[in-house]
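entry_13.tsv (TSV, N, CA and C atoms) appears below.
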```
chain	number	residue	atom	x	y	z
Y	1	ALA	N	-219.67	-70.71	-136.13
Y	1	ALA	CA	-219.53	-70.09	-137.43
Y	1	ALA	C	-218.38	-69.09	-137.43
Y	2	VAL	N	-218.24	-68.33	-136.34
Y	2	VAL	CA	-217.18	-67.33	-136.28
Y	2	VAL	C	-215.81	-68.00	-136.24
Y	3	GLY	N	-215.70	-69.08	-135.50
Y	3	GLY	CA	-214.43	-69.81	-135.44
Y	3	GLY	C	-214.06	-70.41	-136.79
Y	4	LEU	N	-215.04	-70.95	-137.48
Y	4	LEU	CA	-214.81	-71.49	-138.82
Y	4	LEU	C	-214.38	-70.38	-139.77
Y	5	ALA	N	-215.04	-69.24	-139.68
Y	5	ALA	CA	-214.69	-68.11	-140.54
Y	5	ALA	C	-213.25	-67.67	-140.28
Y	6	GLN	N	-212.86	-67.64	-139.02
Y	6	GLN	CA	-211.48	-67.25	-138.70
Y	6	GLN	C	-210.49	-68.24	-139.32
Y	7	ALA	N	-210.79	-69.52	-139.23
Y	7	ALA	CA	-209.92	-70.53	-139.83
Y	7	ALA	C	-209.87	-70.37	-141.35
Y	8	LEU	N	-211.00	-70.07	-141.96
Y	8	LEU	CA	-211.03	-69.86	-143.41
Y	8	LEU	C	-210.17	-68.66	-143.81
Y	9	ILE	N	-210.27	-67.58	-143.07
Y	9	ILE	CA	-209.48	-66.39	-143.37
Y	9	ILE	C	-207.99	-66.72	-143.32
Y	10	GLU	N	-207.61	-67.53	-142.36
Y	10	GLU	CA	-206.20	-67.88	-142.19
Y	10	GLU	C	-205.66	-68.74	-143.32
Y	11	THR	N	-206.54	-69.38	-144.10
Y	11	THR	CA	-206.05	-70.19	-145.23
Y	11	THR	C	-205.51	-69.32	-146.35
Y	12	GLY	N	-206.02	-68.09	-146.47
Y	12	GLY	CA	-205.48	-67.16	-147.44
Y	12	GLY	C	-205.91	-67.34	-148.88
Y	13	THR	N	-207.01	-68.03	-149.12
Y	13	THR	CA	-207.47	-68.20	-150.50
Y	13	THR	C	-208.71	-67.35	-150.75
Y	14	ASP	N	-208.89	-66.96	-152.01
Y	14	ASP	CA	-210.06	-66.15	-152.37
Y	14	ASP	C	-211.36	-66.88	-152.05
Y	15	ALA	N	-211.41	-68.17	-152.33
Y	15	ALA	CA	-212.62	-68.95	-152.05
Y	15	ALA	C	-212.92	-68.96	-150.55
Y	16	ALA	N	-211.87	-69.06	-149.75
Y	16	ALA	CA	-212.05	-69.07	-148.30
Y	16	ALA	C	-212.54	-67.71	-147.81
Y	17	TYR	N	-212.03	-66.63	-148.39
Y	17	TYR	CA	-212.50	-65.29	-148.00
Y	17	TYR	C	-213.98	-65.14	-148.32
Y	18	THR	N	-214.39	-65.63	-149.47
Y	18	THR	CA	-215.80	-65.54	-149.87
Y	18	THR	C	-216.68	-66.32	-148.89
Y	19	GLU	N	-216.24	-67.53	-148.55
Y	19	GLU	CA	-217.02	-68.34	-147.61
Y	19	GLU	C	-217.04	-67.70	-146.22
Y	20	ALA	N	-215.91	-67.17	-145.80
Y	20	ALA	CA	-215.84	-66.51	-144.49
Y	20	ALA	C	-216.77	-65.29	-144.45
Y	21	GLN	N	-216.80	-64.53	-145.55
Y	21	GLN	CA	-217.69	-63.37	-145.60
Y	21	GLN	C	-219.14	-63.79	-145.42
Y	22	ALA	N	-219.55	-64.84	-146.09
Y	22	ALA	CA	-220.94	-65.30	-145.98
Y	22	ALA	C	-221.25	-65.72	-144.54
Y	23	LEU	N	-220.35	-66.46	-143.92
Y	23	LEU	CA	-220.56	-66.89	-142.54
Y	23	LEU	C	-220.64	-65.69	-141.59
Y	24	LEU	N	-219.75	-64.73	-141.80
Y	24	LEU	CA	-219.70	-63.57	-140.90
Y	24	LEU	C	-220.83	-62.59	-141.14
Y	25	GLU	N	-221.26	-62.46	-142.39
Y	25	GLU	CA	-222.43	-61.62	-142.67
Y	25	GLU	C	-223.65	-62.19	-141.96
Y	26	ASN	N	-223.78	-63.51	-141.99
Y	26	ASN	CA	-224.88	-64.17	-141.30
Y	26	ASN	C	-224.76	-63.98	-139.78
Y	27	ALA	N	-223.54	-64.15	-139.26
Y	27	ALA	CA	-223.32	-64.01	-137.82
Y	27	ALA	C	-223.64	-62.60	-137.33
Y	28	THR	N	-223.22	-61.58	-138.10
Y	28	THR	CA	-223.48	-60.21	-137.67
Y	28	THR	C	-224.94	-59.82	-137.86
Y	29	ALA	N	-225.62	-60.44	-138.81
Y	29	ALA	CA	-227.06	-60.18	-138.98
Y	29	ALA	C	-227.84	-60.74	-137.79
Y	30	LYS	N	-227.40	-61.89	-137.29
Y	30	LYS	CA	-228.07	-62.52	-136.15
Y	30	LYS	C	-227.71	-61.85	-134.83
Y	31	ASP	N	-226.47	-61.39	-134.71
Y	31	ASP	CA	-225.99	-60.78	-133.47
Y	31	ASP	C	-225.16	-59.55	-133.82
Y	32	ARG	N	-225.81	-58.40	-133.88
Y	32	ARG	CA	-225.13	-57.15	-134.27
Y	32	ARG	C	-224.11	-56.71	-133.23
Y	33	ASP	N	-224.13	-57.30	-132.05
Y	33	ASP	CA	-223.20	-56.92	-130.98
Y	33	ASP	C	-221.98	-57.83	-130.90
Y	34	ASN	N	-221.76	-58.66	-131.90
Y	34	ASN	CA	-220.63	-59.59	-131.89
Y	34	ASN	C	-219.40	-58.88	-132.46
Y	35	ALA	N	-218.65	-58.23	-131.58
Y	35	ALA	CA	-217.49	-57.44	-132.02
Y	35	ALA	C	-216.47	-58.30	-132.76
Y	36	THR	N	-216.24	-59.51	-132.31
Y	36	THR	CA	-215.27	-60.38	-132.97
Y	36	THR	C	-215.69	-60.67	-134.40
Y	37	ALA	N	-216.97	-60.93	-134.61
Y	37	ALA	CA	-217.46	-61.20	-135.97
Y	37	ALA	C	-217.27	-59.98	-136.86
Y	38	TRP	N	-217.52	-58.78	-136.33
Y	38	TRP	CA	-217.32	-57.56	-137.13
Y	38	TRP	C	-215.85	-57.38	-137.50
Y	39	ARG	N	-214.96	-57.64	-136.54
Y	39	ARG	CA	-213.52	-57.50	-136.81
Y	39	ARG	C	-213.09	-58.47	-137.90
Y	40	LEU	N	-213.50	-59.71	-137.76
Y	40	LEU	CA	-213.14	-60.72	-138.76
Y	40	LEU	C	-213.75	-60.42	-140.11
Y	41	LEU	N	-214.98	-59.90	-140.12
Y	41	LEU	CA	-215.62	-59.53	-141.38
Y	41	LEU	C	-214.82	-58.42	-142.06
Y	42	GLY	N	-214.35	-57.46	-141.28
Y	42	GLY	CA	-213.51	-56.40	-141.83
Y	42	GLY	C	-212.24	-56.96	-142.45
Y	43	ILE	N	-211.64	-57.92	-141.79
Y	43	ILE	CA	-210.43	-58.56	-142.33
Y	43	ILE	C	-210.75	-59.31	-143.62
Y	44	ALA	N	-211.83	-60.09	-143.60
Y	44	ALA	CA	-212.20	-60.87	-144.79
Y	44	ALA	C	-212.49	-59.96	-145.98
Y	45	TYR	N	-213.23	-58.89	-145.75
Y	45	TYR	CA	-213.50	-57.93	-146.83
Y	45	TYR	C	-212.20	-57.30	-147.33
Y	46	GLY	N	-211.35	-56.91	-146.42
Y	46	GLY	CA	-210.09	-56.27	-146.81
Y	46	GLY	C	-209.22	-57.18	-147.65
Y	47	ARG	N	-209.13	-58.43	-147.26
Y	47	ARG	CA	-208.30	-59.37	-148.03
Y	47	ARG	C	-208.91	-59.70	-149.38
Y	48	ALA	N	-210.22	-59.50	-149.49
Y	48	ALA	CA	-210.90	-59.70	-150.78
Y	48	ALA	C	-210.97	-58.39	-151.57
Y	49	ASP	N	-210.26	-57.37	-151.11
Y	49	ASP	CA	-210.20	-56.06	-151.77
Y	49	ASP	C	-211.56	-55.38	-151.85
Y	50	ARG	N	-212.36	-55.56	-150.82
Y	50	ARG	CA	-213.65	-54.87	-150.70
Y	50	ARG	C	-213.50	-53.83	-149.59
Y	51	MET	N	-212.70	-52.81	-149.89
Y	51	MET	CA	-212.28	-51.87	-148.86
Y	51	MET	C	-213.41	-51.03	-148.25
Y	52	PRO	N	-214.38	-50.54	-149.02
Y	52	PRO	CA	-215.46	-49.79	-148.36
Y	52	PRO	C	-216.24	-50.65	-147.36
Y	53	GLN	N	-216.49	-51.91	-147.73
Y	53	GLN	CA	-217.19	-52.81	-146.83
Y	53	GLN	C	-216.32	-53.14	-145.61
Y	54	ALA	N	-215.02	-53.28	-145.84
Y	54	ALA	CA	-214.10	-53.52	-144.73
Y	54	ALA	C	-214.14	-52.35	-143.75
Y	55	SER	N	-214.15	-51.14	-144.28
Y	55	SER	CA	-214.20	-49.96	-143.42
Y	55	SER	C	-215.48	-49.93	-142.58
Y	56	LEU	N	-216.60	-50.28	-143.20
Y	56	LEU	CA	-217.86	-50.28	-142.45
Y	56	LEU	C	-217.83	-51.33	-141.34
Y	57	ALA	N	-217.36	-52.53	-141.65
Y	57	ALA	CA	-217.28	-53.58	-140.63
Y	57	ALA	C	-216.35	-53.17	-139.50
Y	58	LEU	N	-215.22	-52.56	-139.84
Y	58	LEU	CA	-214.28	-52.13	-138.80
Y	58	LEU	C	-214.81	-50.94	-138.00
Y	59	ALA	N	-215.64	-50.12	-138.62
Y	59	ALA	CA	-216.31	-49.05	-137.88
Y	59	ALA	C	-217.24	-49.65	-136.83
Y	60	GLU	N	-218.00	-50.66	-137.24
Y	60	GLU	CA	-218.90	-51.35	-136.29
Y	60	GLU	C	-218.09	-51.94	-135.14
Y	61	TYR	N	-217.00	-52.61	-135.47
Y	61	TYR	CA	-216.15	-53.23	-134.45
Y	61	TYR	C	-215.61	-52.18	-133.47
Y	62	ASN	N	-215.01	-51.13	-134.00
Y	62	ASN	CA	-214.41	-50.11	-133.14
Y	62	ASN	C	-215.45	-49.38	-132.30
Y	63	ALA	N	-216.63	-49.16	-132.84
Y	63	ALA	CA	-217.70	-48.54	-132.05
Y	63	ALA	C	-218.09	-49.44	-130.88
Y	64	GLN	N	-218.14	-50.73	-131.12
Y	64	GLN	CA	-218.56	-51.65	-130.06
Y	64	GLN	C	-217.55	-51.74	-128.93
Y	65	ILE	N	-216.29	-51.53	-129.25
Y	65	ILE	CA	-215.28	-51.63	-128.19
Y	65	ILE	C	-214.88	-50.26	-127.64
Y	66	GLY	N	-215.59	-49.21	-128.10
Y	66	GLY	CA	-215.37	-47.88	-127.55
Y	66	GLY	C	-214.18	-47.12	-128.11
Y	67	ARG	N	-213.66	-47.54	-129.23
Y	67	ARG	CA	-212.58	-46.79	-129.90
Y	67	ARG	C	-213.23	-45.77	-130.83
Y	68	TRP	N	-213.69	-44.67	-130.25
Y	68	TRP	CA	-214.51	-43.72	-130.98
Y	68	TRP	C	-213.77	-43.06	-132.14
Y	69	ASP	N	-212.53	-42.67	-131.93
Y	69	ASP	CA	-211.80	-41.99	-133.00
Y	69	ASP	C	-211.63	-42.90	-134.21
Y	70	GLU	N	-211.20	-44.13	-133.97
Y	70	GLU	CA	-211.01	-45.07	-135.09
Y	70	GLU	C	-212.35	-45.43	-135.73
Y	71	ALA	N	-213.38	-45.57	-134.92
Y	71	ALA	CA	-214.71	-45.86	-135.47
Y	71	ALA	C	-215.16	-44.75	-136.41
Y	72	GLU	N	-214.91	-43.50	-136.01
Y	72	GLU	CA	-215.31	-42.38	-136.87
Y	72	GLU	C	-214.51	-42.36	-138.17
Y	73	VAL	N	-213.22	-42.62	-138.09
Y	73	VAL	CA	-212.38	-42.66	-139.30
Y	73	VAL	C	-212.91	-43.72	-140.26
Y	74	GLN	N	-213.17	-44.91	-139.74
Y	74	GLN	CA	-213.62	-46.01	-140.59
Y	74	GLN	C	-215.02	-45.75	-141.14
Y	75	ALA	N	-215.92	-45.22	-140.31
Y	75	ALA	CA	-217.28	-44.94	-140.78
Y	75	ALA	C	-217.27	-43.87	-141.86
Y	76	THR	N	-216.45	-42.85	-141.68
Y	76	THR	CA	-216.35	-41.79	-142.69
Y	76	THR	C	-215.78	-42.34	-143.99
Y	77	ARG	N	-214.76	-43.17	-143.88
Y	77	ARG	CA	-214.16	-43.79	-145.07
Y	77	ARG	C	-215.20	-44.64	-145.80
Y	78	ALA	N	-215.98	-45.41	-145.05
Y	78	ALA	CA	-217.02	-46.24	-145.68
Y	78	ALA	C	-218.08	-45.37	-146.33
Y	79	ARG	N	-218.55	-44.36	-145.62
Y	79	ARG	CA	-219.58	-43.46	-146.14
Y	79	ARG	C	-219.13	-42.80	-147.44
Y	80	ASP	N	-217.87	-42.40	-147.49
Y	80	ASP	CA	-217.36	-41.69	-148.66
Y	80	ASP	C	-217.09	-42.60	-149.86
Y	81	ASN	N	-217.03	-43.91	-149.64
Y	81	ASN	CA	-216.65	-44.83	-150.72
Y	81	ASN	C	-217.72	-45.84	-151.11
Y	82	LEU	N	-218.79	-45.94	-150.35
Y	82	LEU	CA	-219.90	-46.82	-150.72
Y	82	LEU	C	-220.85	-46.06	-151.64
Y	83	PRO	N	-221.62	-46.76	-152.47
Y	83	PRO	CA	-222.56	-46.07	-153.37
Y	83	PRO	C	-223.55	-45.21	-152.59
Y	84	VAL	N	-223.74	-43.99	-153.08
Y	84	VAL	CA	-224.64	-43.03	-152.43
Y	84	VAL	C	-226.05	-43.63	-152.34
Y	85	GLY	N	-226.61	-43.57	-151.14
Y	85	GLY	CA	-227.96	-44.07	-150.93
Y	85	GLY	C	-228.07	-45.56	-150.69
Y	86	SER	N	-226.95	-46.28	-150.77
Y	86	SER	CA	-226.98	-47.72	-150.52
Y	86	SER	C	-227.17	-47.97	-149.03
Y	87	PRO	N	-227.67	-49.15	-148.66
Y	87	PRO	CA	-227.83	-49.44	-147.23
Y	87	PRO	C	-226.53	-49.29	-146.45
Y	88	GLY	N	-225.42	-49.73	-147.04
Y	88	GLY	CA	-224.14	-49.61	-146.36
Y	88	GLY	C	-223.73	-48.16	-146.16
Y	89	GLN	N	-223.95	-47.34	-147.18
Y	89	GLN	CA	-223.58	-45.93	-147.08
Y	89	GLN	C	-224.44	-45.23	-146.03
Y	90	LEU	N	-225.72	-45.55	-145.99
Y	90	LEU	CA	-226.61	-44.96	-144.99
Y	90	LEU	C	-226.23	-45.41	-143.59
Y	91	ARG	N	-225.88	-46.69	-143.43
Y	91	ARG	CA	-225.45	-47.20	-142.13
Y	91	ARG	C	-224.16	-46.51	-141.69
Y	92	ALA	N	-223.23	-46.34	-142.63
Y	92	ALA	CA	-221.97	-45.68	-142.30
Y	92	ALA	C	-222.22	-44.24	-141.84
Y	93	ASP	N	-223.13	-43.56	-142.50
Y	93	ASP	CA	-223.48	-42.19	-142.12
Y	93	ASP	C	-224.08	-42.16	-140.71
Y	94	ASP	N	-225.02	-43.06	-140.45
Y	94	ASP	CA	-225.63	-43.16	-139.12
Y	94	ASP	C	-224.57	-43.47	-138.06
Y	95	LEU	N	-223.69	-44.40	-138.39
Y	95	LEU	CA	-222.65	-44.80	-137.44
Y	95	LEU	C	-221.68	-43.66	-137.16
Y	96	ALA	N	-221.32	-42.90	-138.18
Y	96	ALA	CA	-220.43	-41.75	-137.99
Y	96	ALA	C	-221.06	-40.74	-137.03
Y	97	GLU	N	-222.35	-40.49	-137.19
Y	97	GLU	CA	-223.05	-39.56	-136.30
Y	97	GLU	C	-223.15	-40.11	-134.88
Y	98	TYR	N	-223.45	-41.39	-134.75
Y	98	TYR	CA	-223.53	-42.03	-133.43
Y	98	TYR	C	-222.19	-41.94	-132.70
Y	99	VAL	N	-221.13	-42.26	-133.42
Y	99	VAL	CA	-219.80	-42.24	-132.83
Y	99	VAL	C	-219.42	-40.83	-132.39
Y	100	LYS	N	-219.75	-39.86	-133.21
Y	100	LYS	CA	-219.46	-38.47	-132.88
Y	100	LYS	C	-220.15	-38.08	-131.56
Y	101	ARG	N	-221.42	-38.47	-131.42
Y	101	ARG	CA	-222.15	-38.18	-130.18
Y	101	ARG	C	-221.53	-38.90	-128.98
Y	102	GLN	N	-221.16	-40.16	-129.16
Y	102	GLN	CA	-220.58	-40.93	-128.07
Y	102	GLN	C	-219.26	-40.32	-127.62
Y	103	ARG	N	-218.45	-39.91	-128.58
Y	103	ARG	CA	-217.16	-39.31	-128.25
Y	103	ARG	C	-217.37	-37.99	-127.49
Y	104	GLU	N	-218.34	-37.19	-127.93
Y	104	GLU	CA	-218.64	-35.93	-127.25
Y	104	GLU	C	-219.12	-36.17	-125.83
Y	105	GLU	N	-219.97	-37.19	-125.64
Y	105	GLU	CA	-220.45	-37.52	-124.29
Y	105	GLU	C	-219.30	-37.98	-123.41
Y	106	ALA	N	-218.41	-38.79	-123.97
Y	106	ALA	CA	-217.27	-39.27	-123.19
Y	106	ALA	C	-216.39	-38.11	-122.75
Y	107	ARG	N	-216.18	-37.15	-123.63
Y	107	ARG	CA	-215.37	-35.98	-123.27
Y	107	ARG	C	-216.07	-35.12	-122.23
Y	108	ALA	N	-217.38	-34.98	-122.33
Y	108	ALA	CA	-218.14	-34.16	-121.38
Y	108	ALA	C	-218.14	-34.77	-119.99
Y	109	ASN	N	-218.01	-36.09	-119.91
Y	109	ASN	CA	-218.06	-36.78	-118.62
Y	109	ASN	C	-216.69	-36.94	-117.97
Y	110	ARG	N	-215.67	-36.36	-118.55
Y	110	ARG	CA	-214.33	-36.48	-117.96
Y	110	ARG	C	-214.16	-35.57	-116.78
```

Before anything else, please render the file you have as structure tokens.
Amino acid sequence: AVGLAQALIETGTDAAYTEAQALLENATAKDRDNATAWRLLGIAYGRADRMPQASLALAEYNAQIGRWDEAEVQATRARDNLPVGSPGQLRADDLAEYVKRQREEARANR
């Protein structure tokens, strides 16, 4: 599914972005640790002009690969632009706090 979604994104059509989003939303729901699926979902959302959702997906991706600063930027952007109290906004808030703690731990262990 992830490979098909990547191919769909590369076609550059709105219909393909919509289909890729559905495939990747399903893939990330089944496997929340699939960094590649999160990255591609961020791209698909961005190309479909769904920027708050793109930011949340890219926050998930960056957190998984240990890019704490970028993860915090993306999570904060998502939190500030998603509807207040929505599941996405709440997840972005949780993710921003998680990333902040991880970054602090990484600095403390240097």

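Picture a line from atom C of Leu56 (chain Y) to CA of Gly3 (chain Y); it runs 19.7 Å.
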
(request) Give me, please, the distance in Å between atom C of Ala106 (chain Y) and atom N of Ala35 (chain Y), quoted to one decimal. (result) 22.1 Å

(message) According to DSSP computed on the backbone, where in region 23-107 of chain Y is there helix (DSSP H, G or I)? Give the residues as a PyMOL selection string.
(response) chain Y and resi 23-30+35-47+51-64+68-81+87-107

(message) So the first atom is CA of Glu97 (chain Y) and the second is CA of Val84 (chain Y); what is the distance between them in Å, to one decimal place?
(response) 16.6 Å

Centre and size of axis-aligned box enclosing region 77-88 of chain Y plus 8 Å each side, as AutoDock Vina command-line options:
```
--center_x -221.1 --center_y -45.7 --center_z -148.6 --size_x 29.9 --size_y 24.0 --size_z 25.5
```

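Between Asp94 (chain Y) and the residues Y:Asn81, Y:Arg107, Y:Leu58, Y:Thr76, the shortest atom-to-atom distance, using only C-alpha atoms, involves Y:Thr76.
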
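Candidate residues Y:Lys100, Y:Arg47, Y:Arg32, Y:Arg110 were compared for distance to Glu60 (chain Y), and the nearest is Y:Arg32, using all atoms listed in the file.
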
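Distance annotation: of Y:Ala57, Y:Ala15, Y:Ile9, Y:Leu82, the residue with the minimal separation from Arg39 (chain Y) is Y:Ala57; atom set is only N, CA and C atoms.
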
(message) Using only C-alpha atoms for the distances, tell me which of Y:Ala96, Y:Val2, Y:Leu24, Y:Ala7 is nearest to Asp69 (chain Y).
(response) Y:Ala96

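Distances to Gln6 (chain Y) were evaluated for Y:Ala44, Y:Met51, Y:Trp68, Y:Ala29 using only C-alpha atoms, and the minimum falls at Y:Ala44.
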
(message) Ranking Y:Ile43, Y:Leu95, Y:Ala54, Y:Ala63 by minimum distance to Gly12 (chain Y) and counting only C-alpha atoms, which one comes first?
(response) Y:Ile43
